[in-house]
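One file, query30.pdb, carrying PDB, C-alpha atoms:
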```pdb
ATOM      1  CA  MET X   1     -30.897 -77.592 -24.510
ATOM      2  CA  PRO X   2     -30.321 -73.836 -24.791
ATOM      3  CA  GLY X   3     -29.316 -71.908 -21.709
ATOM      4  CA  VAL X   4     -31.612 -69.373 -20.178
ATOM      5  CA  GLU X   5     -30.271 -65.893 -19.582
ATOM      6  CA  ILE X   6     -31.747 -63.939 -16.728
ATOM      7  CA  THR X   7     -31.120 -60.239 -16.729
ATOM      8  CA  PRO X   8     -31.704 -58.489 -13.426
ATOM      9  CA  PRO X   9     -33.534 -55.179 -13.532
ATOM     10  CA  PRO X  10     -31.300 -52.123 -13.572
ATOM     11  CA  LEU X  11     -30.449 -50.583 -10.204
ATOM     12  CA  SER X  12     -31.304 -46.997  -9.461
ATOM     13  CA  SER X  13     -28.409 -44.699  -8.656
ATOM     14  CA  GLN X  14     -29.621 -44.605  -5.038
ATOM     15  CA  SER X  15     -29.654 -48.408  -4.811
ATOM     16  CA  MET X  16     -26.203 -48.538  -6.360
ATOM     17  CA  ALA X  17     -24.908 -45.986  -3.826
ATOM     18  CA  ASP X  18     -26.347 -48.075  -0.976
ATOM     19  CA  LEU X  19     -24.569 -51.169  -2.297
ATOM     20  CA  LEU X  20     -21.211 -49.477  -2.826
ATOM     21  CA  CYS X  21     -20.793 -47.250   0.202
ATOM     22  CA  THR X  22     -21.916 -46.214   3.643
ATOM     23  CA  ILE X  23     -21.465 -43.002   5.550
ATOM     24  CA  ILE X  24     -19.708 -43.418   8.905
ATOM     25  CA  LEU X  25     -20.828 -40.907  11.498
ATOM     26  CA  LEU X  26     -19.834 -40.133  15.058
ATOM     27  CA  CYS X  27     -23.028 -39.395  16.944
ATOM     28  CA  ARG X  28     -23.296 -37.931  20.399
ATOM     29  CA  GLY X  29     -26.428 -37.724  22.457
ATOM     30  CA  THR X  30     -28.235 -38.475  25.666
ATOM     31  CA  GLY X  31     -29.698 -41.902  26.282
ATOM     32  CA  THR X  32     -33.117 -42.658  27.728
ATOM     33  CA  ASP X  33     -31.400 -42.973  31.101
ATOM     34  CA  GLY X  34     -30.236 -39.345  30.857
ATOM     35  CA  LYS X  35     -26.574 -40.274  30.481
ATOM     36  CA  PRO X  36     -24.453 -38.977  27.588
ATOM     37  CA  PHE X  37     -23.233 -41.438  24.959
ATOM     38  CA  TRP X  38     -21.267 -41.559  21.734
ATOM     39  CA  ALA X  39     -21.672 -43.968  18.835
ATOM     40  CA  TYR X  40     -19.969 -44.608  15.528
ATOM     41  CA  MET X  41     -22.477 -45.821  13.006
ATOM     42  CA  CYS X  42     -22.796 -46.692   9.336
ATOM     43  CA  VAL X  43     -25.692 -45.051   7.522
ATOM     44  CA  LYS X  44     -26.673 -45.926   3.952
ATOM     45  CA  PRO X  45     -26.813 -42.908   1.656
ATOM     46  CA  SER X  46     -30.552 -43.481   1.163
ATOM     47  CA  MET X  47     -31.068 -43.077   4.930
ATOM     48  CA  ALA X  48     -28.874 -39.986   5.398
ATOM     49  CA  GLN X  49     -31.678 -37.404   5.099
ATOM     50  CA  ALA X  50     -34.042 -39.407   7.312
ATOM     51  CA  PHE X  51     -31.255 -39.705   9.897
ATOM     52  CA  LYS X  52     -30.608 -35.942   9.795
ATOM     53  CA  ASP X  53     -34.341 -35.240  10.135
ATOM     54  CA  ALA X  54     -34.532 -37.589  13.141
ATOM     55  CA  GLN X  55     -31.556 -35.822  14.743
ATOM     56  CA  ASP X  56     -33.248 -32.452  14.236
ATOM     57  CA  LYS X  57     -36.432 -33.715  15.920
ATOM     58  CA  GLY X  58     -34.514 -35.075  18.912
ATOM     59  CA  SER X  59     -35.458 -38.495  20.216
ATOM     60  CA  PHE X  60     -34.923 -41.567  18.019
ATOM     61  CA  HIS X  61     -33.321 -45.020  17.959
ATOM     62  CA  LEU X  62     -29.943 -45.158  16.214
ATOM     63  CA  GLU X  63     -30.581 -48.735  15.077
ATOM     64  CA  ASP X  64     -33.499 -47.532  12.932
ATOM     65  CA  TYR X  65     -31.102 -45.607  10.689
ATOM     66  CA  GLY X  66     -27.979 -47.734  10.397
ATOM     67  CA  THR X  67     -25.542 -50.148  11.954
ATOM     68  CA  ILE X  68     -23.757 -49.232  15.174
ATOM     69  CA  LEU X  69     -20.044 -50.019  14.877
ATOM     70  CA  GLU X  70     -19.058 -48.997  18.401
ATOM     71  CA  MET X  71     -20.888 -47.276  21.237
ATOM     72  CA  GLY X  72     -20.047 -46.136  24.739
ATOM     73  CA  GLU X  73     -21.076 -43.929  27.634
ATOM     74  CA  GLY X  74     -19.701 -40.471  28.265
ATOM     75  CA  GLU X  75     -19.117 -37.224  26.409
ATOM     76  CA  ASP X  76     -15.847 -38.188  24.745
ATOM     77  CA  VAL X  77     -14.700 -41.174  22.741
ATOM     78  CA  PRO X  78     -11.770 -42.926  24.450
ATOM     79  CA  PRO X  79      -8.444 -42.417  22.624
ATOM     80  CA  ASP X  80      -8.003 -46.149  21.963
ATOM     81  CA  VAL X  81     -11.418 -46.331  20.276
ATOM     82  CA  LYS X  82     -10.647 -43.239  18.180
ATOM     83  CA  ALA X  83      -7.343 -44.764  17.087
ATOM     84  CA  ARG X  84      -9.024 -48.070  16.183
ATOM     85  CA  MET X  85     -11.718 -46.285  14.142
ATOM     86  CA  GLU X  86      -9.032 -44.318  12.296
ATOM     87  CA  ARG X  87      -7.000 -47.467  11.636
ATOM     88  CA  GLU X  88      -9.829 -49.855  10.718
ATOM     89  CA  TYR X  89     -12.287 -47.511   8.979
ATOM     90  CA  GLY X  90     -10.155 -44.577   7.859
ATOM     91  CA  ILE X  91     -12.050 -42.121  10.040
ATOM     92  CA  ASN X  92     -10.672 -38.591   9.922
ATOM     93  CA  HIS X  93     -11.710 -36.938  13.177
ATOM     94  CA  ASN X  94     -10.588 -33.548  11.816
ATOM     95  CA  TYR X  95     -12.609 -33.803   8.598
ATOM     96  CA  GLU X  96     -15.138 -31.063   9.360
ATOM     97  CA  ASP X  97     -12.450 -28.593  10.459
ATOM     98  CA  GLU X  98     -10.344 -29.363   7.381
ATOM     99  CA  LEU X  99     -13.378 -29.014   5.101
ATOM    100  CA  LEU X 100     -14.318 -25.635   6.590
ATOM    101  CA  LYS X 101     -10.743 -24.377   6.207
ATOM    102  CA  SER X 102     -10.710 -25.489   2.571
ATOM    103  CA  ILE X 103     -14.017 -23.742   1.894
ATOM    104  CA  GLU X 104     -12.760 -20.557   3.560
ATOM    105  CA  ALA X 105      -9.590 -20.686   1.423
ATOM    106  CA  ILE X 106     -11.604 -21.069  -1.779
ATOM    107  CA  VAL X 107     -13.961 -18.240  -0.830
ATOM    108  CA  SER X 108     -11.079 -15.909   0.031
ATOM    109  CA  GLN X 109      -9.406 -16.679  -3.343
ATOM    110  CA  GLU X 110     -12.619 -15.809  -5.194
ATOM    111  CA  SER X 111     -13.024 -12.410  -3.513
TER
END
```

Written form, structure tokens:
Amino acid sequence: MPGVEITPPPLSSQSMADLLCTIILLCRGTGTDGKPFWAYMCVKPSMAQAFKDAQDKGSFHLEDYGTILEMGEGEDVPPDVKARMEREYGINHNYEDELLKSIEAIVSQES
């Protein structure tokens, strides 16, 4: 009896990106109780624009846009949580500053 080969349909590049990676974000906001909070969350690339749009509008539920890795009350993330996120997920808390400095260096070289 001959075997049957089943070929799955090809994945779009967006679907492939969602399977292979997530974007880890540190979000800060104010809860429905009026208290400040912080949350590390994983967002699929396909949800990144929707998440940004929701942030720009203001009020939304984090769970609608990704998976919450860690969440707590207050303005600042406790040092032990920051260290754990760096160790376990490779978070670089200085990424934005380093990126801006790199961009400034490139721009100054071009002028």

Check: What is the distance between CA of Glu63 in chain X and CA of Ile91 in chain X, in Å to one decimal?
Finding: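 Between CA of Glu63 in chain X and CA of Ile91 in chain X the gap works out to 20.3 Å.
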
Enclosing box along x, y and z for every listed atom of range 31-47 of chain X, padded 8 Å each side, centre and size in Å, one decimal, as lines of an AutoDock Vina configuration file:
```
center_x = -26.5
center_y = -42.8
center_z = 16.1
size_x = 29.1
size_y = 23.7
size_z = 45.9
```

Next item on the list: Check the smallest atom-to-atom distance from each of X:Glu5, X:Glu88, X:Glu98, X:Asp18 to Ser46 in chain X using all atoms listed in the file, then report the winner.
Entry: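 Among the listed residues, X:Asp18 lies closest to Ser46 in chain X.
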
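When you apply the PyMOL selection byres ((chain X and resi 73) around 7) to this structure, what comes back is Pro36, Phe37, Trp38, Gly72 and Gly74 of chain X.
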
Check: At what distance in Å, to one decimal, does CA of Gly34 in chain X lie from CA of His61 in chain X?
Finding: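 Answer for the CA of His61 in chain X to CA of Gly34 in chain X separation: 14.4 Å.
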
Notebook entry, point to check: To one decimal place, how far is CA of Gln49 in chain X from CA of Arg87 in chain X in Å?
Noted result: 27.4 Å

Next item on the list: Using only C-alpha atoms, collect all residues at a distance of at most 12 Å from (-23.4, -48.0, 13.8) as written in the file, then present them as a PyMOL selection string.
Entry: chain X and resi 22-27+38-44+61-72+85

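The residue that comes closest to Ser59 in chain X, out of X:Ala105, X:Leu20, X:Ala83, X:Thr32 and on the basis of all atoms listed in the file, is X:Thr32.
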
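For the residues X:Glu75, X:Lys101, X:Gly3, X:Ala54, ranking by smallest atom-to-atom distance to Lys35 in chain X using all atoms listed in the file places X:Glu75 first.
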
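The nearest approach to Leu19 in chain X among the residues X:Asp80, X:Asp97, X:Pro45, X:Val4, with all atoms listed in the file taken into account, belongs to X:Pro45.
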
Next item on the list: For each of X:Phe60, X:Thr7, X:Arg84, X:Glu96, take the minimum atom-to-atom distance to Gly31 in chain X, counting all atoms listed in the file, then give the residue where this is smallest.
Entry: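 Smallest separation from Gly31 in chain X among the options: X:Phe60.
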